[in-house]
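Input: a single structure, listed below in structure tokens.
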Amino acid sequence: MKNSKRDLLHRMEVEDDLGIKRGAKKRFVVPNKVYILIKIILIAAIPAVYFLCSPLLILVVLAYFGLIVITRNIEKNFNLGLKKDLRIRLPKADSLLCLLLVIITAVGVAVSSVSMTQKGSMFEGFDDSQLEEVVDEGTFSSSDFVWMQVWAKVKDVGTLMTGTRYLFQEQRGFGGFGEPPEGFSPPSGTDMPDLSELLEDMPFSVMFESVVKAVDTGILLVICICGLASIRKFKKLTK
């Protein structure tokens, strides 16, 4: 009896030295094929939602970030009972980039909201549909404008500040740089304005939002690339 206890203690000491966990229960994990399918769907959803209904981008990105929980569970299940030098690390860079994207968007919306208080036009940030609503209804109360400004910022969060698009059609905000209206022609006898002067007169918020839009769009592209690469690496590690 004493020898069996001594052997048990010795085995436990060896397991501790090797970094092997005892008594760890196998946690519920998503099957590998299901995990890969979910990831492929989320990767494909990013460009689809970006072009078809950009205000839903925030939901796709948050769902993609939530995938890190499933990834960690699969990783822990693989490493159950293995020594530290034999444990594998599944790629999570794409999910972490989703978190970074949300943080950049939150900071961008906050800075844009602060700078909006310094703008002269209370229509700044409105898209075409909101301007048409104001003109048609003739509502010019301050409460209505505050609500529209708040709604514009909510859409900025939803689109991750990449612009509002529905079915490949982008809604440009008031004062944006879109195509000139049909039938427009510059006044005769006048020179085209200097581009450097236009950039100097451009509001800080417009330049800032343009930079954030480019950065967020680039991160979305990187997330898709990293996601595809992580699927390939996941297949290699789980063979």
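Going by the structure tokens order, chains are called A, B, ..., each with residues numbered from 1, while ligands are numbered from 1 in the order shown.
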
Produce a table with one row for each residue of range 57-87 of chain A that has an atom at most 12 Å from any atom of range 227-235 of chain A, each row naming the nearest atom pair and its distance in Å at one decimal; use only C-alpha atoms; arrange rows by chain and rising residue number; format as CSV.
residue,atom,partner,partner_atom,distance
A:Tyr64,CA,A:Gly227,CA,9.7
A:Phe65,CA,A:Gly227,CA,11.4
A:Leu67,CA,A:Gly227,CA,11.2
A:Ile68,CA,A:Gly227,CA,11.8
A:Thr71,CA,A:Phe234,CA,9.9
A:Ile74,CA,A:Phe234,CA,10.5
A:Glu75,CA,A:Phe234,CA,10.2
A:Phe78,CA,A:Phe234,CA,11.7

Gly108 in chain A environment, 8 Å, only C-alpha atoms, sequence neighbours closer than 5 positions dropped, as a PDB file with all heavy atoms, in the first residue's frame:
ATOM      1  N   MET A 161     -16.299  53.209 -40.404  1.00  0.00           N
ATOM      2  CA  MET A 161     -15.830  54.441 -41.037  1.00  0.00           C
ATOM      3  C   MET A 161     -15.275  54.193 -42.441  1.00  0.00           C
ATOM      4  O   MET A 161     -14.377  54.897 -42.908  1.00  0.00           O
ATOM      5  CB  MET A 161     -14.781  55.138 -40.164  1.00  0.00           C
ATOM      6  CG  MET A 161     -15.315  55.626 -38.830  1.00  0.00           C
ATOM      7  SD  MET A 161     -14.166  56.691 -37.946  1.00  0.00           S
ATOM      8  CE  MET A 161     -14.279  58.204 -38.924  1.00  0.00           C
ATOM      9  N   PHE A 208      -9.131  63.704 -41.687  1.00  0.00           N
ATOM     10  CA  PHE A 208      -8.978  62.651 -40.687  1.00  0.00           C
ATOM     11  C   PHE A 208      -9.849  61.443 -41.038  1.00  0.00           C
ATOM     12  O   PHE A 208      -9.387  60.292 -40.981  1.00  0.00           O
ATOM     13  CB  PHE A 208      -9.351  63.188 -39.311  1.00  0.00           C
ATOM     14  CG  PHE A 208      -9.265  62.161 -38.220  1.00  0.00           C
ATOM     15  CD1 PHE A 208      -8.036  61.787 -37.688  1.00  0.00           C
ATOM     16  CD2 PHE A 208     -10.408  61.560 -37.725  1.00  0.00           C
ATOM     17  CE1 PHE A 208      -7.960  60.836 -36.682  1.00  0.00           C
ATOM     18  CE2 PHE A 208     -10.338  60.614 -36.717  1.00  0.00           C
ATOM     19  CZ  PHE A 208      -9.113  60.256 -36.199  1.00  0.00           C
ATOM     20  N   GLU A 209     -11.095  61.684 -41.405  1.00  0.00           N
ATOM     21  CA  GLU A 209     -11.989  60.591 -41.746  1.00  0.00           C
ATOM     22  C   GLU A 209     -11.519  59.860 -42.996  1.00  0.00           C
ATOM     23  O   GLU A 209     -11.686  58.636 -43.119  1.00  0.00           O
ATOM     24  CB  GLU A 209     -13.411  61.123 -41.934  1.00  0.00           C
ATOM     25  CG  GLU A 209     -14.060  61.579 -40.629  1.00  0.00           C
ATOM     26  CD  GLU A 209     -15.403  62.246 -40.847  1.00  0.00           C
ATOM     27  OE1 GLU A 209     -15.864  62.256 -42.019  1.00  0.00           O
ATOM     28  OE2 GLU A 209     -15.984  62.754 -39.878  1.00  0.00           O
ATOM     29  N   VAL A 212      -8.709  57.555 -41.819  1.00  0.00           N
ATOM     30  CA  VAL A 212      -9.250  56.406 -41.079  1.00  0.00           C
ATOM     31  C   VAL A 212      -9.943  55.437 -42.025  1.00  0.00           C
ATOM     32  O   VAL A 212      -9.825  54.207 -41.886  1.00  0.00           O
ATOM     33  CB  VAL A 212     -10.226  56.878 -39.981  1.00  0.00           C
ATOM     34  CG1 VAL A 212     -10.891  55.683 -39.299  1.00  0.00           C
ATOM     35  CG2 VAL A 212      -9.493  57.715 -38.944  1.00  0.00           C
TER      36      VAL A 212
END

What's the separation between CA of Cys224 in chain A and CA of Ile43 in chain A, in Å to one decimal place?
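Atom-to-atom, CA of Cys224 in chain A and CA of Ile43 in chain A are spaced 5.5 Å apart.
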
Need the shell around Thr162 in chain A: protein/DNA/RNA residues with any atom at most 8 Å away, counting only C-alpha atoms. Skip same-chain ones fewer than 2 positions apart. Format as a ChimeraX atom specification?
/A:54,156,159-160,164,212-214,216-217

Take the residues that were just selected and, keeping N, CA and C atoms, output them as a compact mmCIF listing (two decimals), in the first residue's frame.
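New file result06.txt:
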# COMPACT_ATOMS: atom_id res chain seq x y z
N SER A 54 -22.76 48.01 -46.01
CA SER A 54 -21.62 48.30 -45.14
C SER A 54 -22.00 48.60 -43.69
N ASP A 156 -21.39 55.45 -38.83
CA ASP A 156 -19.93 55.41 -38.95
C ASP A 156 -19.35 54.22 -38.20
N THR A 159 -20.29 50.99 -40.15
CA THR A 159 -19.50 50.81 -41.38
C THR A 159 -18.01 50.77 -41.10
N LEU A 160 -17.62 50.90 -39.84
CA LEU A 160 -16.20 50.99 -39.46
C LEU A 160 -15.53 52.16 -40.18
N THR A 164 -20.79 54.55 -46.25
CA THR A 164 -22.09 53.87 -46.27
C THR A 164 -22.40 53.42 -47.69
N VAL A 212 -8.71 57.55 -41.82
CA VAL A 212 -9.25 56.41 -41.08
C VAL A 212 -9.94 55.44 -42.03
N LYS A 213 -10.65 55.98 -43.02
CA LYS A 213 -11.33 55.12 -44.00
C LYS A 213 -10.32 54.26 -44.75
N ALA A 214 -9.21 54.87 -45.17
CA ALA A 214 -8.18 54.11 -45.89
C ALA A 214 -7.54 53.06 -44.99
N ASP A 216 -8.82 51.63 -42.19
CA ASP A 216 -9.77 50.56 -41.85
C ASP A 216 -10.01 49.63 -43.04
N THR A 217 -10.11 50.20 -44.23
CA THR A 217 -10.29 49.36 -45.42
C THR A 217 -9.08 48.46 -45.62

May I ask for the distance between CA of Leu42 in chain A and CA of Leu221 in chain A, given in Å to one decimal place?
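Those two atoms sit 12.8 Å apart.
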
Using Å and a single decimal, report how far CA of Thr105 in chain A sits from CA of Leu90 in chain A.
26.8 Å

Nearest to Ile58 in chain A among A:Leu167, A:Ile38, A:Val206, A:Val157, with distances taken over only C-alpha atoms: which residue is it?
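Checking each candidate against Ile58 in chain A, we get A:Val157 as the closest.
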